[in-house]
file structure-v6.csv (CSV, C-alpha atoms)
chain,number,residue,atom,x,y,z
A,10,MET,CA,-8.4,70.3,-28.5
A,11,THR,CA,-11.2,68.5,-26.9
A,12,ALA,CA,-12.3,69.9,-23.6
A,13,TYR,CA,-13.6,67.7,-20.8
A,14,ASP,CA,-14.9,68.1,-17.3
A,15,PRO,CA,-12.3,66.8,-14.8
A,16,THR,CA,-14.9,66.3,-12.1
A,17,PRO,CA,-15.9,62.7,-11.1
A,18,ASP,CA,-19.1,63.1,-13.1
A,19,GLY,CA,-17.3,64.1,-16.2
A,20,PRO,CA,-16.3,61.9,-19.2
A,21,ILE,CA,-13.2,59.6,-18.9
A,22,PRO,CA,-10.5,60.6,-21.4
A,23,GLU,CA,-10.1,58.2,-24.4
A,24,PRO,CA,-6.4,57.2,-23.6
A,25,THR,CA,-7.5,56.0,-20.1
A,26,ARG,CA,-10.2,53.8,-21.6
A,27,ARG,CA,-7.8,52.1,-23.9
A,28,ARG,CA,-5.3,51.4,-21.0
A,29,TRP,CA,-7.7,49.3,-18.9
A,30,PRO,CA,-7.9,46.2,-21.2
A,31,ARG,CA,-4.1,46.1,-21.2
A,32,VAL,CA,-4.0,46.3,-17.4
A,33,LEU,CA,-6.5,43.5,-17.1
A,34,LEU,CA,-4.6,41.4,-19.6
A,35,VAL,CA,-1.4,41.8,-17.6
A,36,LEU,CA,-3.1,41.0,-14.3
A,37,ALA,CA,-4.6,37.9,-15.9
A,38,PHE,CA,-1.2,36.8,-17.2
A,39,VAL,CA,0.4,37.3,-13.8
A,40,LEU,CA,-2.3,35.4,-12.1
A,41,LEU,CA,-2.0,32.5,-14.6
A,42,VAL,CA,1.8,32.4,-14.0
A,43,ALA,CA,1.2,32.4,-10.2
A,44,VAL,CA,-1.3,29.5,-10.5
A,45,ILE,CA,1.1,27.5,-12.6
A,46,VAL,CA,4.0,28.1,-10.3
A,47,ALA,CA,2.0,27.3,-7.2
A,48,ASP,CA,0.7,24.1,-8.7
A,49,ARG,CA,4.3,23.0,-9.4
A,50,ILE,CA,5.6,23.7,-5.9
A,51,ASN,CA,5.1,20.4,-4.0
A,52,LEU,CA,4.8,20.6,-0.3
A,53,ASN,CA,6.0,18.0,2.2
A,54,TYR,CA,2.4,16.7,2.6
A,55,TYR,CA,0.2,14.1,1.0
A,56,VAL,CA,-3.6,13.9,0.6
A,57,LEU,CA,-5.8,10.9,0.9
A,58,SER,CA,-8.9,11.3,-1.2
A,59,PRO,CA,-11.9,9.0,-1.7
A,60,GLY,CA,-11.3,6.5,-4.4
A,61,ASP,CA,-13.5,3.7,-5.7
A,62,ALA,CA,-15.3,0.8,-4.1
A,63,GLN,CA,-15.4,-1.9,-6.8
A,64,PRO,CA,-16.5,-5.5,-6.9
A,65,VAL,CA,-13.6,-7.8,-6.2
A,66,ALA,CA,-15.1,-10.8,-8.0
A,67,PRO,CA,-14.2,-9.7,-11.5
A,68,LEU,CA,-10.6,-9.3,-10.4
A,69,ILE,CA,-10.4,-13.0,-9.2
A,70,THR,CA,-9.9,-15.9,-11.5
A,71,VAL,CA,-10.3,-19.6,-10.3
A,72,PRO,CA,-10.5,-22.8,-12.3
A,73,PRO,CA,-13.7,-23.0,-14.3
A,74,GLY,CA,-14.8,-26.2,-12.6
A,75,LYS,CA,-14.5,-24.5,-9.1
A,76,ALA,CA,-16.2,-21.2,-9.8
A,77,HIS,CA,-19.8,-20.5,-8.6
A,78,PRO,CA,-22.3,-17.8,-9.6
A,79,LEU,CA,-22.4,-15.0,-7.1
A,80,HIS,CA,-25.4,-13.5,-5.2
A,81,GLY,CA,-24.5,-10.1,-3.8
A,82,GLN,CA,-21.2,-8.4,-4.0
A,83,ILE,CA,-17.9,-7.9,-2.0
A,84,LEU,CA,-16.3,-4.6,-2.6
A,85,LEU,CA,-12.6,-3.7,-2.5
A,86,THR,CA,-12.1,-0.1,-1.5
A,87,ASP,CA,-9.3,2.2,-2.3
A,88,VAL,CA,-8.1,5.8,-1.8
A,89,LEU,CA,-6.2,8.1,-4.1
A,90,LEU,CA,-2.9,9.2,-2.8
A,91,SER,CA,-1.0,12.2,-4.2
A,92,GLN,CA,1.4,14.9,-3.1
A,93,VAL,CA,0.0,18.3,-2.1
A,94,SER,CA,1.1,21.4,-4.0
A,95,LEU,CA,1.1,25.0,-2.8
A,96,LEU,CA,-2.0,25.6,-5.0
A,97,THR,CA,-4.1,22.7,-3.6
A,98,TYR,CA,-3.0,22.8,0.1
A,99,VAL,CA,-5.8,25.0,1.4
A,100,PRO,CA,-8.6,23.5,-0.7
A,101,TYR,CA,-7.6,20.0,0.5
A,102,LEU,CA,-7.3,21.2,4.1
A,103,LEU,CA,-10.9,22.6,4.0
A,104,SER,CA,-12.4,19.5,2.3
A,105,SER,CA,-14.4,17.3,4.7
A,106,ASN,CA,-13.6,14.2,2.6
A,107,ASP,CA,-9.9,14.7,2.1
A,108,GLN,CA,-7.2,14.1,4.6
A,109,VAL,CA,-3.9,16.0,4.5
A,110,VAL,CA,-1.0,14.2,6.3
A,111,PRO,CA,2.7,15.1,6.7
A,112,ALA,CA,5.0,13.1,4.5
A,113,SER,CA,6.8,11.8,7.6
A,114,GLU,CA,3.6,10.4,9.0
A,115,LEU,CA,2.7,8.6,5.8
A,116,LEU,CA,6.2,7.4,4.8
A,117,GLY,CA,7.8,6.8,8.2
A,118,PRO,CA,11.5,6.6,8.6
A,119,ASP,CA,12.0,3.8,6.1
A,120,THR,CA,10.3,4.8,2.9
A,121,PRO,CA,11.9,7.3,0.5
A,122,PRO,CA,9.1,8.9,-1.6
A,123,ASP,CA,10.6,7.8,-4.9
A,124,GLN,CA,10.1,4.2,-3.8
A,125,LEU,CA,6.5,4.6,-2.6
A,126,VAL,CA,4.8,3.3,-5.8
A,127,THR,CA,7.0,0.2,-6.2
A,128,GLN,CA,6.6,-0.6,-2.5
A,129,GLY,CA,2.8,-0.3,-2.9
A,130,TYR,CA,2.8,-2.9,-5.7
A,131,LEU,CA,5.1,-5.1,-3.7
A,132,GLU,CA,2.8,-4.9,-0.7
A,133,MET,CA,-0.2,-5.8,-2.9
A,134,ALA,CA,1.7,-8.8,-4.2
A,135,GLN,CA,2.3,-10.0,-0.7
A,136,ALA,CA,-1.3,-9.3,0.2
A,137,GLN,CA,-2.6,-11.4,-2.7
A,138,SER,CA,-0.5,-14.3,-1.6
A,139,ALA,CA,-1.7,-14.1,2.0
A,140,ALA,CA,-5.3,-13.7,0.9
A,141,LYS,CA,-5.1,-16.8,-1.3
A,142,THR,CA,-3.5,-18.7,1.5
A,143,ALA,CA,-5.9,-17.7,4.2
A,144,ALA,CA,-8.9,-18.4,2.0
A,145,LEU,CA,-7.8,-21.8,0.8
A,146,ARG,CA,-6.7,-23.0,4.2
A,147,ARG,CA,-10.1,-21.8,5.7
A,148,LEU,CA,-11.8,-23.9,3.0
A,149,GLY,CA,-9.7,-27.0,4.0
A,150,TYR,CA,-7.1,-27.0,1.2
A,151,THR,CA,-3.4,-27.6,1.9
A,152,VAL,CA,-1.2,-24.7,1.2
A,153,THR,CA,2.5,-25.0,1.9
A,154,GLU,CA,5.1,-22.3,2.2
A,155,GLN,CA,8.8,-22.0,2.0
A,156,ASP,CA,11.3,-19.2,2.6
A,157,GLY,CA,12.4,-17.8,-0.7
A,158,GLY,CA,15.1,-15.3,0.2
A,159,VAL,CA,15.2,-11.8,1.6
A,160,ILE,CA,13.2,-9.3,-0.4
A,161,ILE,CA,14.1,-5.6,-0.4
A,162,TYR,CA,11.4,-3.1,0.6
A,163,GLY,CA,13.5,0.0,0.8
A,164,VAL,CA,16.9,1.4,0.0
A,165,ALA,CA,18.3,4.4,1.9
A,166,PRO,CA,19.0,7.3,-0.5
A,167,GLY,CA,22.8,8.0,-0.3
A,168,GLY,CA,23.3,4.9,1.8
A,169,PRO,CA,25.8,2.1,1.2
A,170,ALA,CA,23.4,0.1,-1.0
A,171,SER,CA,22.1,3.0,-2.9
A,172,GLY,CA,22.8,2.5,-6.6
A,173,ALA,CA,23.5,-1.2,-6.1
A,174,LEU,CA,20.2,-2.6,-4.8
A,175,GLU,CA,16.6,-1.8,-5.7
A,176,VAL,CA,13.1,-2.3,-4.2
A,177,ALA,CA,11.7,-5.8,-5.0
A,178,GLN,CA,15.0,-7.5,-5.6
A,179,THR,CA,15.7,-10.6,-3.6
A,180,ILE,CA,19.0,-11.3,-1.7
A,181,GLN,CA,19.8,-15.0,-1.9
A,182,SER,CA,23.3,-15.1,-0.3
A,183,VAL,CA,26.0,-13.1,1.5
A,184,ASP,CA,29.6,-14.0,0.5
A,185,GLY,CA,28.4,-17.3,-0.7
A,186,THR,CA,26.3,-18.1,2.4
A,187,PRO,CA,22.6,-18.8,1.5
A,188,THR,CA,20.1,-16.4,3.1
A,189,PRO,CA,16.7,-18.0,2.6
A,190,ASN,CA,15.2,-15.8,5.4
A,191,LEU,CA,15.8,-12.7,7.3
A,192,CYS,CA,17.5,-14.4,10.3
A,193,ALA,CA,19.9,-16.2,7.9
A,194,PHE,CA,20.7,-12.8,6.4
A,195,VAL,CA,21.2,-11.1,9.7
A,196,GLY,CA,23.5,-13.9,10.9
A,197,ALA,CA,25.5,-13.9,7.6
A,198,VAL,CA,26.1,-10.1,7.9
A,199,ALA,CA,26.8,-10.0,11.7
A,200,PRO,CA,30.6,-10.6,11.5
A,201,PHE,CA,31.2,-7.7,9.1
A,202,ARG,CA,32.3,-4.2,10.2
A,203,PRO,CA,32.1,-0.7,8.6
A,204,GLY,CA,34.4,-0.4,5.7
A,205,GLN,CA,34.3,-4.0,4.8
A,206,VAL,CA,32.9,-5.2,1.4
A,207,VAL,CA,30.1,-7.7,1.3
A,208,HIS,CA,29.3,-9.7,-1.9
A,209,LEU,CA,25.6,-10.2,-2.2
A,210,GLY,CA,23.9,-12.8,-4.5
A,211,VAL,CA,21.0,-10.7,-5.7
A,212,GLU,CA,18.1,-12.1,-7.8
A,213,GLN,CA,16.9,-9.1,-9.9
A,214,THR,CA,13.2,-9.7,-9.3
A,215,THR,CA,10.8,-6.9,-10.1
A,216,VAL,CA,7.2,-6.1,-9.4
A,217,ASN,CA,4.8,-4.7,-12.0
A,218,ALA,CA,1.6,-2.6,-11.7
A,219,ASP,CA,-0.5,-5.8,-11.6
A,220,ALA,CA,1.3,-6.8,-8.4
A,221,VAL,CA,3.1,-9.7,-10.0
A,222,ILE,CA,6.7,-10.4,-8.8
A,223,LEU,CA,8.7,-11.3,-11.9
A,224,PRO,CA,11.9,-13.4,-11.7
A,225,GLY,CA,15.2,-12.2,-12.9
A,226,LYS,CA,18.8,-13.4,-13.2
A,227,THR,CA,21.0,-13.6,-10.2
A,228,VAL,CA,24.0,-11.3,-10.1
A,229,THR,CA,26.7,-10.4,-7.5
A,230,GLU,CA,26.6,-6.9,-6.1
A,231,SER,CA,29.5,-5.8,-3.9
A,232,VAL,CA,28.7,-3.2,-1.3
A,233,THR,CA,31.0,-1.4,1.1
A,234,LEU,CA,29.3,-1.2,4.5
A,235,GLY,CA,28.9,2.0,6.3
A,236,THR,CA,28.5,2.8,10.0
A,237,ARG,CA,25.2,1.9,11.5
A,238,PRO,CA,23.2,5.0,12.5
A,239,ALA,CA,22.6,5.6,16.2
A,240,GLY,CA,19.5,3.9,17.5
A,241,SER,CA,19.2,1.4,14.6
A,242,GLY,CA,20.7,-1.6,16.4
A,243,GLY,CA,19.3,-3.6,19.3
A,244,PRO,CA,18.2,-7.2,19.6
A,245,THR,CA,17.7,-9.0,16.4
A,246,GLY,CA,15.1,-11.5,17.6
A,247,CYS,CA,17.1,-14.2,15.7
A,248,PRO,CA,18.4,-17.3,17.5
A,249,GLY,CA,22.1,-17.2,18.0
A,250,VAL,CA,22.4,-13.6,16.7
A,251,PRO,CA,22.0,-11.3,19.7
A,252,ALA,CA,22.9,-8.0,17.9
A,253,PHE,CA,22.9,-6.6,14.4
A,254,SER,CA,26.2,-6.1,12.5
A,255,LYS,CA,28.0,-2.8,13.2
A,256,GLY,CA,28.3,-2.5,9.4
A,257,TYR,CA,25.4,-0.8,7.8
A,258,LEU,CA,23.9,-1.8,4.5
A,259,GLY,CA,21.0,0.7,4.4
A,260,VAL,CA,18.1,-1.5,3.3
A,261,GLU,CA,14.7,-2.5,4.6
A,262,LEU,CA,14.2,-6.2,4.3
A,263,GLU,CA,11.7,-9.0,4.9
A,264,THR,CA,11.6,-12.7,4.3
A,265,GLN,CA,10.0,-13.6,0.9
A,266,GLN,CA,7.5,-16.4,1.4
A,267,ASN,CA,6.7,-18.7,-1.5
A,268,PHE,CA,3.4,-20.6,-1.4
A,269,THR,CA,2.4,-23.7,-3.2
A,270,TYR,CA,-1.3,-23.8,-3.9
A,271,PRO,CA,-3.5,-26.8,-4.8
A,272,PHE,CA,-4.7,-25.0,-8.0
A,273,VAL,CA,-4.2,-21.6,-9.6
A,274,VAL,CA,-6.0,-18.6,-8.2
A,275,THR,CA,-5.1,-15.2,-9.6
A,276,VAL,CA,-6.1,-11.6,-8.5
A,277,HIS,CA,-5.8,-8.8,-11.0
A,278,THR,CA,-5.3,-5.5,-9.2
A,279,GLN,CA,-3.9,-3.2,-12.0
A,280,ASP,CA,-2.5,0.0,-10.6
A,281,ILE,CA,-3.7,-0.6,-7.0
A,282,GLY,CA,-1.0,-0.7,-4.4
A,283,GLY,CA,-0.8,-1.4,-0.6
A,284,PRO,CA,-1.8,-4.3,1.6
A,285,SER,CA,-5.1,-3.2,2.8
A,286,ALA,CA,-7.3,-5.1,0.3
A,287,GLY,CA,-6.4,-8.4,2.0
A,288,LEU,CA,-9.7,-9.0,3.7
A,289,ALA,CA,-11.8,-8.1,0.7
A,290,MET,CA,-9.7,-10.4,-1.5
A,291,THR,CA,-9.9,-13.3,1.0
A,292,LEU,CA,-13.7,-13.1,1.2
A,293,GLY,CA,-13.9,-12.7,-2.6
A,294,ILE,CA,-11.9,-15.9,-3.2
A,295,MET,CA,-14.0,-17.8,-0.7
A,296,ASP,CA,-17.2,-16.6,-2.2
A,297,LYS,CA,-16.2,-17.6,-5.7
A,298,LEU,CA,-15.0,-21.1,-4.6
A,299,THR,CA,-18.1,-21.9,-2.5
A,300,ALA,CA,-21.8,-21.5,-3.1
A,301,GLY,CA,-21.5,-17.8,-4.1
A,302,ARG,CA,-23.8,-16.8,-1.2
A,303,LEU,CA,-21.3,-15.6,1.3
A,304,THR,CA,-22.9,-12.2,1.6
A,305,GLY,CA,-26.5,-13.4,1.7
A,306,GLY,CA,-27.2,-11.3,-1.4
A,307,LEU,CA,-26.0,-8.1,0.2
A,308,THR,CA,-23.4,-5.6,-1.0
A,309,VAL,CA,-20.6,-5.9,1.5
A,310,ALA,CA,-17.4,-3.7,1.5
A,311,ALA,CA,-14.3,-4.7,3.4
A,312,THR,CA,-10.9,-3.2,4.3
A,313,GLY,CA,-8.1,-4.5,6.3
A,314,THR,CA,-4.8,-6.4,5.8
A,315,MET,CA,-4.8,-10.2,5.9
A,316,ASP,CA,-2.0,-12.6,6.9
A,317,GLU,CA,-1.8,-16.2,6.0
A,318,ASP,CA,-3.2,-17.2,9.4
A,319,GLY,CA,-6.4,-15.2,9.0
A,320,ASN,CA,-5.6,-12.2,11.1
A,321,VAL,CA,-7.0,-8.8,10.0
A,322,GLY,CA,-4.6,-5.8,10.4
A,323,ASP,CA,-5.0,-2.1,10.7
A,324,VAL,CA,-5.2,0.2,7.6
A,325,GLY,CA,-5.3,3.9,6.7
A,326,GLY,CA,-7.6,6.1,4.8
A,327,VAL,CA,-10.8,4.6,6.3
A,328,ALA,CA,-12.7,7.9,6.4
A,329,GLN,CA,-12.1,8.3,2.6
A,330,LYS,CA,-12.9,4.6,2.0
A,331,THR,CA,-16.2,5.0,3.9
A,332,VAL,CA,-17.2,7.8,1.5
A,333,ALA,CA,-16.4,5.5,-1.5
A,334,VAL,CA,-18.4,2.7,0.1
A,335,GLU,CA,-21.4,4.9,0.6
A,336,ASN,CA,-21.2,6.1,-3.0
A,337,ALA,CA,-21.1,2.5,-4.2
A,338,GLY,CA,-24.3,1.6,-2.4
A,339,ALA,CA,-22.9,-0.9,0.1
A,340,THR,CA,-25.0,-1.6,3.2
A,341,VAL,CA,-22.3,-3.4,5.2
A,342,PHE,CA,-18.7,-2.3,5.8
A,343,LEU,CA,-16.2,-4.6,7.6
A,344,VAL,CA,-13.2,-2.8,9.1
A,345,PRO,CA,-10.3,-3.5,11.6
A,346,PRO,CA,-11.2,-2.7,15.2
A,347,PRO,CA,-8.9,0.4,15.4
A,348,GLU,CA,-10.8,2.0,12.5
A,349,TYR,CA,-14.3,1.3,13.7
A,350,ARG,CA,-15.0,4.7,15.1
A,351,VAL,CA,-13.5,6.5,12.1
A,352,ALA,CA,-15.8,4.6,9.7
A,353,LEU,CA,-18.8,5.1,12.0
A,354,SER,CA,-18.3,8.8,12.0
A,355,LYS,CA,-18.6,8.9,8.2
A,356,ALA,CA,-21.3,6.3,7.8
A,357,THR,CA,-24.9,7.2,7.2
A,358,SER,CA,-27.8,5.2,8.7
A,359,SER,CA,-27.9,3.0,5.6
A,360,LEU,CA,-24.4,1.7,6.1
A,361,HIS,CA,-23.8,-0.8,8.9
A,362,VAL,CA,-20.2,-0.9,10.1
A,363,TYR,CA,-18.7,-4.0,11.9
A,364,ALA,CA,-15.3,-4.3,13.5
A,365,VAL,CA,-13.5,-7.6,12.7
A,366,ALA,CA,-10.0,-8.7,13.9
A,367,THR,CA,-9.9,-12.1,12.1
A,368,LEU,CA,-11.3,-13.8,9.1
A,369,ASP,CA,-13.5,-16.0,11.3
A,370,GLN,CA,-15.0,-12.9,12.9
A,371,ALA,CA,-15.8,-11.5,9.4
A,372,LEU,CA,-17.5,-14.8,8.5
A,373,SER,CA,-19.5,-14.8,11.7
A,374,VAL,CA,-20.8,-11.3,10.8
A,375,LEU,CA,-21.8,-12.4,7.4
A,376,ALA,CA,-23.5,-15.5,8.8
A,377,ARG,CA,-25.6,-13.4,11.1
A,378,LEU,CA,-26.6,-11.3,8.2
A,379,GLY,CA,-27.9,-14.3,6.2
A,380,GLY,CA,-24.7,-15.3,4.4
A,381,ARG,CA,-23.9,-19.0,3.7
A,382,VAL,CA,-20.5,-19.6,5.4
A,383,PRO,CA,-18.7,-22.8,4.6
A,384,ALA,CA,-17.7,-25.1,7.5
A,385,GLY,CA,-14.1,-24.7,8.8
A,386,PRO,CA,-11.3,-27.1,7.8
A,387,THR,CA,-10.5,-30.2,9.7
A,388,THR,CA,-6.7,-29.8,9.1
A,389,THR,CA,-4.3,-27.2,8.1
A,390,THR,CA,-0.8,-28.0,6.8
A,391,THR,CA,2.1,-25.7,6.6
A,392,SER,CA,5.9,-26.1,6.3
A,393,GLY,CA,8.9,-23.8,6.7
A,394,PRO,CA,9.6,-21.6,9.6
A,395,ALA,CA,8.5,-18.0,9.7
A,396,ALA,CA,11.2,-15.4,10.2
A,397,PRO,CA,10.8,-12.3,12.3
A,398,THR,CA,10.0,-9.0,10.5
A,399,THR,CA,12.8,-6.7,11.5
A,400,THR,CA,14.4,-4.0,9.4
A,401,THR,CA,17.6,-2.0,8.9
A,402,PRO,CA,16.1,1.5,8.9
A,403,PRO,CA,17.3,3.8,6.1
A,404,THR,CA,17.0,7.6,6.1
A,405,THR,CA,14.6,9.5,3.8
A,406,THR,CA,15.0,12.4,1.4
A,407,PRO,CA,11.5,13.5,0.2
A,408,THR,CA,11.0,13.9,-3.5
A,409,PRO,CA,7.7,14.0,-5.4
A,410,PRO,CA,6.4,10.5,-6.1
A,411,THR,CA,4.0,9.5,-8.8
A,412,PRO,CA,0.3,9.7,-7.6
A,413,THR,CA,-0.9,6.2,-6.9
A,414,THR,CA,-4.0,4.3,-5.6
A,415,GLN,CA,-3.8,2.6,-2.3
A,416,GLY,CA,-6.1,-0.4,-2.1
A,417,GLY,CA,-8.2,-1.9,0.7

call {"tool": "encode", "arguments": {"input": "structure-v6.csv", "output": "structure tokens"}}
result
Amino acid sequence: MTAYDPTPDGPIPEPTRRRWPRVLLVLAFVLLVAVIVADRINLNYYVLSPGDAQPVAPLITVPPGKAHPLHGQILLTDVLLSQVSLLTYVPYLLSSNDQVVPASELLGPDTPPDQLVTQGYLEMAQAQSAAKTAALRRLGYTVTEQDGGVIIYGVAPGGPASGALEVAQTIQSVDGTPTPNLCAFVGAVAPFRPGQVVHLGVEQTTVNADAVILPGKTVTESVTLGTRPAGSGGPTGCPGVPAFSKGYLGVELETQQNFTYPFVVTVHTQDIGGPSAGLAMTLGIMDKLTAGRLTGGLTVAATGTMDEDGNVGDVGGVAQKTVAVENAGATVFLVPPPEYRVALSKATSSLHVYAVATLDQALSVLARLGGRVPAGPTTTTTSGPAAPTTTTPPTTTPTPPTPTTQGG
């Protein structure tokens, strides 16, 4: 028998020494399992993280005879959007460059999480159309537009249309009555009551990751209407249709506008969703179609939505976009007025931030900075009435979406 001194200064018995590696191994295994489990538990939060600020010119293609060499750059900015897990919640919360937002704040009442990615690509498709239209009209070209049906932006999970309709499809008729725009659709559905069946002529259009809306065959989908949720009615804004139908379809809709351009302009935004790259794309198209000196040789970043009339709209994630802009070496950042202070709070002295509410204001800033801005058009031609943008709000049931990139 081996004797040992049991006092603290005495030797540790051999069996105890051999036990410690096994204890540490067990603890490491438990910790690994805990980390894996925590990483797979998604919380009802999303995080906006700095993405990239990339030149928009390489994404734009115009006819060879109309393209010009560029001096300076216009940058499109984006943010990375992903759902927060139990493991990443605290690190993201403590990060000065990341923004954690509740799912309800990001998605709103009308966007189920599993439709977020498709909606983002659809918004980008609409943003590209508006950017091309605003740029070409500002340069004096004629761009016409025509209502092309009612496009689906959201389908309420478990609602009457769930399983029958999908995001990016286009409703062309209700019980044989054409619905070229939202007001036509609202009027066609108005006589129906809960429990009645509507037969919808649905073009099975889809949208891909390059924000291209692809045509599909037209089929008939029969949907039994439900009861409209409390608070989702009210005035329609459509002439001759004072109130929405009491029957509830459970979809978010908007008029699909089809534009006819004088020549082909394409914007390739693979895997970038959202509408907020509108201003950058508009300026990039104009720069490529004119002398190529719109920025005066500067590196200019821009964020903001753009409509076909040249109005710049509010966007999100501007703090994160400002970080991306700084990292890319831009010296000018054009932002919507509501985001000016946010961008300014993140900008260093080398980045000059300007608030612009319209395309003309953005061009005025560039002109003051030495850019060569083309003269405005003498005429602008449009056709086809614009329908109001009202929706039938669906409910939401959060589920983890695929991480995506939101542009602008």

call {"tool": "closest_residue", "arguments": {"input": "structure-v6.csv", "among": "A:Leu258, A:Val374, A:Met315, A:Ala134", "to": "Gly163 of chain A", "atoms": "all atoms listed in the file"}}
result
A:Leu258

call {"tool": "closest_residue", "arguments": {"input": "structure-v6.csv", "among": "A:Gly168, A:Gly158, A:Gly185, A:Gly322", "to": "Gly287 of chain A", "atoms": "all atoms listed in the file"}}
result
A:Gly322

call {"tool": "atom_distance", "arguments": {"input": "structure-v6.csv", "atom1": "atom CA of Val183 of chain A", "atom2": "atom CA of Val198 of chain A"}}
result
7.1 Å

call {"tool": "closest_residue", "arguments": {"input": "structure-v6.csv", "among": "A:Pro224, A:Gly256, A:Gly283, A:Pro59", "to": "Gly326 of chain A", "atoms": "all atoms listed in the file"}}
result
A:Pro59

call {"tool": "closest_residue", "arguments": {"input": "structure-v6.csv", "among": "A:Ala76, A:Ala173, A:Val324, A:Ala239", "to": "Gly210 of chain A", "atoms": "all atoms listed in the file"}}
result
A:Ala173

call {"tool": "residues_around", "arguments": {"input": "structure-v6.csv", "residues": "Ala170 of chain A", "least_positions_apart": "4", "cutoff": "12 Å", "atoms": "all atoms listed in the file", "output": "PDB file with C-alpha atoms, in the coordinates of the input"}}
result
ATOM      1  CA  ILE A 161      14.100  -5.600  -0.400  1.00  0.00           C
ATOM      2  CA  GLY A 163      13.500   0.000   0.800  1.00  0.00           C
ATOM      3  CA  VAL A 164      16.900   1.400   0.000  1.00  0.00           C
ATOM      4  CA  ALA A 165      18.300   4.400   1.900  1.00  0.00           C
ATOM      5  CA  PRO A 166      19.000   7.300  -0.500  1.00  0.00           C
ATOM      6  CA  LEU A 174      20.200  -2.600  -4.800  1.00  0.00           C
ATOM      7  CA  GLU A 175      16.600  -1.800  -5.700  1.00  0.00           C
ATOM      8  CA  VAL A 176      13.100  -2.300  -4.200  1.00  0.00           C
ATOM      9  CA  VAL A 206      32.900  -5.200   1.400  1.00  0.00           C
ATOM     10  CA  VAL A 207      30.100  -7.700   1.300  1.00  0.00           C
ATOM     11  CA  HIS A 208      29.300  -9.700  -1.900  1.00  0.00           C
ATOM     12  CA  LEU A 209      25.600 -10.200  -2.200  1.00  0.00           C
ATOM     13  CA  GLU A 230      26.600  -6.900  -6.100  1.00  0.00           C
ATOM     14  CA  SER A 231      29.500  -5.800  -3.900  1.00  0.00           C
ATOM     15  CA  VAL A 232      28.700  -3.200  -1.300  1.00  0.00           C
ATOM     16  CA  THR A 233      31.000  -1.400   1.100  1.00  0.00           C
ATOM     17  CA  LEU A 234      29.300  -1.200   4.500  1.00  0.00           C
ATOM     18  CA  GLY A 235      28.900   2.000   6.300  1.00  0.00           C
ATOM     19  CA  GLY A 256      28.300  -2.500   9.400  1.00  0.00           C
ATOM     20  CA  TYR A 257      25.400  -0.800   7.800  1.00  0.00           C
ATOM     21  CA  LEU A 258      23.900  -1.800   4.500  1.00  0.00           C
ATOM     22  CA  GLY A 259      21.000   0.700   4.400  1.00  0.00           C
ATOM     23  CA  VAL A 260      18.100  -1.500   3.300  1.00  0.00           C
ATOM     24  CA  GLU A 261      14.700  -2.500   4.600  1.00  0.00           C
ATOM     25  CA  THR A 401      17.600  -2.000   8.900  1.00  0.00           C
ATOM     26  CA  PRO A 403      17.300   3.800   6.100  1.00  0.00           C
TER      27      PRO A 403
END

call {"tool": "residues_around", "arguments": {"input": "structure-v6.csv", "residues": "Met290 of chain A", "least_positions_apart": "5", "cutoff": "8 Å", "atoms": "all atoms listed in the file", "output": "list of chain:residue names"}}
result
A:Val65, A:Leu85, A:Gln137, A:Ala140, A:Lys141, A:Val276

call {"tool": "closest_residue", "arguments": {"input": "structure-v6.csv", "among": "A:Val216, A:Val211, A:Ile160, A:Met295", "to": "Leu262 of chain A", "atoms": "only C-alpha atoms"}}
result
A:Ile160

call {"tool": "residues_near_point", "arguments": {"input": "structure-v6.csv", "point": "(-5.0, -12.4, 12.3)", "cutoff": "12 Å", "atoms": "only C-alpha atoms", "output": "ChimeraX atom specification"}}
result
/A:139-140,143,287-288,313-323,345-346,365-371

call {"tool": "atom_distance", "arguments": {"input": "structure-v6.csv", "atom1": "atom CA of Gly172 of chain A", "atom2": "atom CA of Leu131 of chain A"}}
result
19.5 Å

call {"tool": "residues_near_point", "arguments": {"input": "structure-v6.csv", "point": "(19.4, -21.5, 15.6)", "cutoff": "10 Å", "atoms": "all atoms listed in the file", "output": "list in words"}}
result
Cys192, Ala193, Gly196, Cys247, Pro248, Gly249 and Val250 of chain A

call {"tool": "write_last_selection", "arguments": {"input": "structure-v6.csv", "atoms": "C-alpha atoms", "output": "mmCIF file, in the frame of the given file"}}
result
data_model
loop_
_atom_site.group_PDB
_atom_site.id
_atom_site.type_symbol
_atom_site.label_atom_id
_atom_site.label_comp_id
_atom_site.auth_asym_id
_atom_site.auth_seq_id
_atom_site.Cartn_x
_atom_site.Cartn_y
_atom_site.Cartn_z
ATOM 1 C CA CYS A 192 17.500 -14.400 10.300
ATOM 2 C CA ALA A 193 19.900 -16.200 7.900
ATOM 3 C CA GLY A 196 23.500 -13.900 10.900
ATOM 4 C CA CYS A 247 17.100 -14.200 15.700
ATOM 5 C CA PRO A 248 18.400 -17.300 17.500
ATOM 6 C CA GLY A 249 22.100 -17.200 18.000
ATOM 7 C CA VAL A 250 22.400 -13.600 16.700
#
